[in-house]
Amino acid sequence: LKRNQKQIQLTSSKQNKHSYGKPDYSPVSWREYFDQMEDVNVGPADSRDVFRIYKAGSDGPLLVLLHGGGHSALSWAVFTTAIASRVNCRVLAMDLRGHGGTLVRQSDDFSTQTMSSDVANVIRSCYGETPPPLILIGHGVGGAIAVHTASNMLLPTTVGLVAIDVVEGSAMEALHIIQNFLKGRPKSFKSMDHAIEWSVKSGQIRNLESARVSMVGQIKRCEVEEADTVEQATPVTDVVVERNEEFYDQSYVNDKENASVYKWRIDLSKSEKYWDGWFRGTSNLFLACNLPKLLLLSGINRLDRDLTIGQMQGKFMMQVLPPCGHAVQEDRPDKVAEAVAAFLLRHKFSEARRETRR
């Protein structure tokens, strides 16, 4: 109870801090949302991969949280506080290979087979061969990895599957515009604060509280090199400028007076050859998983034909969330937590926290 009260106070103070005057774009520590951070070793002693994970909670089912492409486990920070206040559960959010603080030997291998094996290996490393009952919850690419992990029965104690804004049809249609999006965003930032401000004002993350904790997992500090070109001072394409012209007239790129610059932790454009494999066939794999399933969408227009038929046949629970961007659990953490909590309670995977019972 004391922990929950502390979290409520922290959340309230963060929200109030920027209620008056200029919004506060300073970064916030993961410690305000998770209980602990660990680096988990996977593989042989002489060539181990190291996965960064964040944990919260000590009892109840284990929610394994898998983030979207380019993001990190910290994109689940605000959601973690929200779900922990509603139901008894444990949370494990991991940085996928090539993302966040995770360090692997083959950082350019983003195949679904490798990434789903990573999830199973991390869980086994943390909990042995008999982990607690777990629910796989994934957003975007993480949702596709969750589906593959469940479909291949890599974790036998999996009891439920939640996919957030991952639909094969709409994802396949959007693949051709991802490169344009990546080319259109700034290549570097003057400071972490500037990166957080850009993420909110550009619409990448529409919730300032989440942006302040999650952007830390997306960018890293680098020393400025003489070779850094002026090209970096062109933050966006004309297409993006139209969305917020006044904001994009400002330069958020490092100037030569500063000794460091903040750059993206992962160059997603280099993973392009895997994009098709992430999503092709996921709708049928999702439908074929013999588990209670929940699909959360940011818009009803995202449903493809297979999922529409499956939903009409009652093969899974579905909920369309209020208007939000693709970073659903960041933009609407409370709504996502409400939907996940209802799913857990309906299937008796968990119990409502005493203070939230009516």
# chains A, B, ... in the order shown; residues from 1 in each chain; ligands from 1
$ select_by_dssp --residues "segment 12-235 of chain A" --states "strand (DSSP E or B)" --output "MDAnalysis selection string"
chainID A and resid 36:42 49:56 62:66 87 90:94 103 134:139 158:164 188:189 219:223
$ residues_around --residues "Leu321 of chain A" --least-positions-apart "3" --cutoff "8 Å" --atoms "only C-alpha atoms" --output "list in words"
Leu296, Leu297, Ser298, Gly299, Cys324, Lys335 and Val336 of chain A
$ residues_around --residues "Ser47 of chain A" --least-positions-apart "6" --cutoff "10 Å" --atoms "only C-alpha atoms" --output "list in words"
Asn41, Val104 and Arg105 of chain A
$ write_last_selection --atoms "all heavy atoms" --output "JSON list (two decimals), in the first residue's frame"
[["chain", "number", "residue", "atom", "x", "y", "z"],
["A", 41, "ASN", "N", 22.38, -12.33, -18.25],
["A", 41, "ASN", "CA", 23.31, -13.01, -19.15],
["A", 41, "ASN", "C", 22.66, -14.23, -19.77],
["A", 41, "ASN", "O", 22.05, -15.05, -19.07],
["A", 41, "ASN", "CB", 24.57, -13.44, -18.39],
["A", 41, "ASN", "CG", 25.36, -12.25, -17.89],
["A", 41, "ASN", "OD1", 25.63, -11.33, -18.64],
["A", 41, "ASN", "ND2", 25.74, -12.28, -16.62],
["A", 104, "VAL", "N", 24.20, -7.55, -27.52],
["A", 104, "VAL", "CA", 24.31, -8.91, -28.05],
["A", 104, "VAL", "C", 25.39, -8.96, -29.13],
["A", 104, "VAL", "O", 25.74, -7.94, -29.72],
["A", 104, "VAL", "CB", 22.97, -9.41, -28.64],
["A", 104, "VAL", "CG1", 21.91, -9.49, -27.55],
["A", 104, "VAL", "CG2", 22.50, -8.52, -29.78],
["A", 105, "ARG", "N", 25.91, -10.16, -29.38],
["A", 105, "ARG", "CA", 26.97, -10.31, -30.38],
["A", 105, "ARG", "C", 26.44, -10.03, -31.79],
["A", 105, "ARG", "O", 27.05, -9.33, -32.57],
["A", 105, "ARG", "CB", 27.56, -11.72, -30.31],
["A", 105, "ARG", "CG", 28.45, -11.97, -29.10],
["A", 105, "ARG", "CD", 28.57, -13.45, -28.82],
["A", 105, "ARG", "NE", 27.27, -14.05, -28.53],
["A", 105, "ARG", "CZ", 26.91, -15.27, -28.88],
["A", 105, "ARG", "NH1", 27.72, -16.03, -29.57],
["A", 105, "ARG", "NH2", 25.71, -15.74, -28.57]]
$ residues_around --residues "Phe286 of chain A" --least-positions-apart "4" --cutoff "9 Å" --atoms "only C-alpha atoms" --output "number ranges by chain"
A: 144, 147-148, 150-151, 161, 163, 281-282, 290, 293, 307
$ write_last_selection --atoms "N, CA and C atoms" --output "PDB file, in the first residue's frame"
ATOM      1  N   ALA A 144       4.302  -8.762 -32.506  1.00  0.00           N
ATOM      2  CA  ALA A 144       4.566  -9.852 -33.445  1.00  0.00           C
ATOM      3  C   ALA A 144       5.471 -10.897 -32.792  1.00  0.00           C
ATOM      4  N   VAL A 147       3.458 -12.979 -30.421  1.00  0.00           N
ATOM      5  CA  VAL A 147       2.649 -13.958 -31.149  1.00  0.00           C
ATOM      6  C   VAL A 147       3.508 -15.162 -31.546  1.00  0.00           C
ATOM      7  N   HIS A 148       4.704 -14.908 -32.075  1.00  0.00           N
ATOM      8  CA  HIS A 148       5.597 -15.999 -32.484  1.00  0.00           C
ATOM      9  C   HIS A 148       6.053 -16.825 -31.273  1.00  0.00           C
ATOM     10  N   ALA A 150       4.412 -17.273 -28.461  1.00  0.00           N
ATOM     11  CA  ALA A 150       3.274 -18.082 -28.009  1.00  0.00           C
ATOM     12  C   ALA A 150       2.972 -19.200 -28.999  1.00  0.00           C
ATOM     13  N   SER A 151       3.002 -18.876 -30.289  1.00  0.00           N
ATOM     14  CA  SER A 151       2.672 -19.845 -31.334  1.00  0.00           C
ATOM     15  C   SER A 151       3.620 -21.042 -31.331  1.00  0.00           C
ATOM     16  N   LEU A 161      -2.261 -13.972 -24.103  1.00  0.00           N
ATOM     17  CA  LEU A 161      -1.543 -13.217 -25.133  1.00  0.00           C
ATOM     18  C   LEU A 161      -2.260 -11.905 -25.400  1.00  0.00           C
ATOM     19  N   ALA A 163      -1.864  -8.466 -27.837  1.00  0.00           N
ATOM     20  CA  ALA A 163      -1.181  -7.777 -28.938  1.00  0.00           C
ATOM     21  C   ALA A 163      -1.725  -6.351 -29.028  1.00  0.00           C
ATOM     22  N   GLY A 281       1.851 -13.151 -41.911  1.00  0.00           N
ATOM     23  CA  GLY A 281       1.313 -14.358 -41.293  1.00  0.00           C
ATOM     24  C   GLY A 281       0.931 -14.231 -39.828  1.00  0.00           C
ATOM     25  N   THR A 282       1.169 -13.049 -39.234  1.00  0.00           N
ATOM     26  CA  THR A 282       0.908 -12.925 -37.785  1.00  0.00           C
ATOM     27  C   THR A 282      -0.578 -12.994 -37.441  1.00  0.00           C
ATOM     28  N   ASN A 290      -3.883 -21.224 -29.131  1.00  0.00           N
ATOM     29  CA  ASN A 290      -4.939 -21.776 -28.280  1.00  0.00           C
ATOM     30  C   ASN A 290      -4.823 -21.216 -26.861  1.00  0.00           C
ATOM     31  N   LYS A 293      -6.963 -14.478 -25.682  1.00  0.00           N
ATOM     32  CA  LYS A 293      -6.244 -13.431 -26.415  1.00  0.00           C
ATOM     33  C   LYS A 293      -6.989 -12.095 -26.336  1.00  0.00           C
ATOM     34  N   LEU A 307      -8.531 -10.954 -39.193  1.00  0.00           N
ATOM     35  CA  LEU A 307      -8.866 -10.607 -37.813  1.00  0.00           C
ATOM     36  C   LEU A 307     -10.321 -10.185 -37.677  1.00  0.00           C
TER      37      LEU A 307
END
$ atom_distance --atom1 "atom CA of Tyr262 of chain A" --atom2 "atom CA of Gly100 of chain A"
13.6 Å
$ select_by_dssp --residues "segment 39-214 of chain A" --states "alpha helix (DSSP H)" --output "PyMOL selection string"
chain A and resi 77-84+112-127+141-151+168-184+192-201+208-214
$ residues_around --residues "Ser350 of chain A" --least-positions-apart "4" --cutoff "7 Å" --atoms "only C-alpha atoms" --output "list in words"
Gly60, Pro61, Val87, Asn88, Cys89, Leu344 and Leu345 of chain A
$ write_last_selection --atoms "C-alpha atoms" --output "short mmCIF file (atom, residue, chain, number, x, y, z; two decimals), in the first residue's frame"
data_model
loop_
_atom_site.label_atom_id
_atom_site.label_comp_id
_atom_site.auth_asym_id
_atom_site.auth_seq_id
_atom_site.Cartn_x
_atom_site.Cartn_y
_atom_site.Cartn_z
CA GLY A 60 0.65 -12.78 -9.14
CA PRO A 61 1.07 -13.70 -12.81
CA VAL A 87 -4.39 -6.01 -10.19
CA ASN A 88 -1.89 -8.22 -8.39
CA CYS A 89 0.84 -8.98 -10.90
CA LEU A 344 -6.71 -10.72 -16.48
CA LEU A 345 -9.73 -10.62 -14.17
#
$ closest_residue --among "A:Arg332, A:Arg124, A:Arg353, A:Lys273" --to "Leu154 of chain A" --atoms "only C-alpha atoms"
A:Arg124
$ closest_residue --among "A:Leu92, A:Leu208, A:Met153, A:Val167" --to "Ser117 of chain A" --atoms "only C-alpha atoms"
A:Met153
$ closest_residue --among "A:Thr81, A:Ser125, A:Ser72, A:Ser111" --to "Val42 of chain A" --atoms "only C-alpha atoms"
A:Ser125
$ residues_around --residues "Arg212 of chain A" --least-positions-apart "6" --cutoff "7 Å" --atoms "only C-alpha atoms" --output "JSON, numbers by chain"
{"A": [25, 26, 27, 28, 196]}
$ closest_residue --among "A:His194, A:Thr149, A:Gly203, A:Gly314" --to "Thr114 of chain A" --atoms "only C-alpha atoms"
A:Thr149
$ residues_around --residues "Val166 of chain A" --least-positions-apart "5" --cutoff "10 Å" --atoms "only C-alpha atoms" --output "list in words"
Gly68, Gly138, His139, Gly140, Val141, Gly142, Gly143, Ala144, Val147, Ala171, Phe279, Thr282, Ser283, Leu295, Leu296, Leu297, Ser298, Arg302, Leu303 and His326 of chain A
$ write_last_selection --atoms "N, CA and C atoms" --output "tab-separated table (two decimals), in the first residue's frame"
chain	number	residue	atom	x	y	z
A	68	GLY	N	7.94	-1.91	-28.96
A	68	GLY	CA	7.94	-1.79	-30.42
A	68	GLY	C	9.31	-1.42	-30.97
A	138	GLY	N	2.73	-7.53	-26.12
A	138	GLY	CA	3.65	-6.88	-27.03
A	138	GLY	C	3.01	-5.76	-27.83
A	139	HIS	N	3.81	-4.75	-28.12
A	139	HIS	CA	3.36	-3.60	-28.90
A	139	HIS	C	4.11	-3.55	-30.23
A	140	GLY	N	3.39	-3.40	-31.35
A	140	GLY	CA	4.04	-3.31	-32.65
A	140	GLY	C	4.87	-4.54	-32.95
A	141	VAL	N	6.17	-4.33	-33.23
A	141	VAL	CA	7.07	-5.45	-33.48
A	141	VAL	C	7.08	-6.39	-32.27
A	142	GLY	N	7.06	-5.83	-31.07
A	142	GLY	CA	7.01	-6.64	-29.86
A	142	GLY	C	5.77	-7.51	-29.81
A	143	GLY	N	4.66	-7.01	-30.38
A	143	GLY	CA	3.44	-7.80	-30.45
A	143	GLY	C	3.62	-8.99	-31.37
A	144	ALA	N	4.30	-8.76	-32.51
A	144	ALA	CA	4.57	-9.85	-33.45
A	144	ALA	C	5.47	-10.90	-32.79
A	147	VAL	N	3.46	-12.98	-30.42
A	147	VAL	CA	2.65	-13.96	-31.15
A	147	VAL	C	3.51	-15.16	-31.55
A	171	ALA	N	-0.03	-3.30	-41.06
A	171	ALA	CA	1.43	-3.22	-40.89
A	171	ALA	C	2.14	-3.41	-42.22
A	279	PHE	N	5.80	-9.29	-39.68
A	279	PHE	CA	4.35	-9.20	-39.68
A	279	PHE	C	3.62	-10.20	-40.58
A	282	THR	N	1.17	-13.05	-39.23
A	282	THR	CA	0.91	-12.92	-37.79
A	282	THR	C	-0.58	-12.99	-37.44
A	283	SER	N	-1.45	-12.53	-38.33
A	283	SER	CA	-2.89	-12.56	-38.01
A	283	SER	C	-3.37	-14.00	-37.83
A	295	LEU	N	-6.74	-8.16	-28.26
A	295	LEU	CA	-6.15	-7.27	-29.26
A	295	LEU	C	-6.59	-5.85	-28.96
A	296	LEU	N	-5.62	-4.97	-28.75
A	296	LEU	CA	-5.90	-3.56	-28.50
A	296	LEU	C	-5.47	-2.75	-29.71
A	297	LEU	N	-6.36	-1.89	-30.19
A	297	LEU	CA	-6.08	-1.12	-31.40
A	297	LEU	C	-6.25	0.37	-31.16
A	298	SER	N	-5.48	1.16	-31.93
A	298	SER	CA	-5.63	2.62	-31.85
A	298	SER	C	-6.67	3.13	-32.85
A	302	ARG	N	-7.74	-0.37	-38.55
A	302	ARG	CA	-6.51	-1.15	-38.62
A	302	ARG	C	-6.79	-2.65	-38.79
A	303	LEU	N	-8.01	-3.09	-38.52
A	303	LEU	CA	-8.32	-4.52	-38.63
A	303	LEU	C	-8.19	-5.02	-40.06
A	326	HIS	N	0.56	5.62	-32.48
A	326	HIS	CA	0.96	4.21	-32.53
A	326	HIS	C	1.53	3.75	-31.18
$ closest_residue --among "A:Glu209, A:Glu272, A:Asp304, A:Asp59" --to "Phe349 of chain A" --atoms "only C-alpha atoms"
A:Asp59
$ atom_distance --atom1 "atom CA of Leu66 of chain A" --atom2 "atom CA of Thr112 of chain A"
12.8 Å
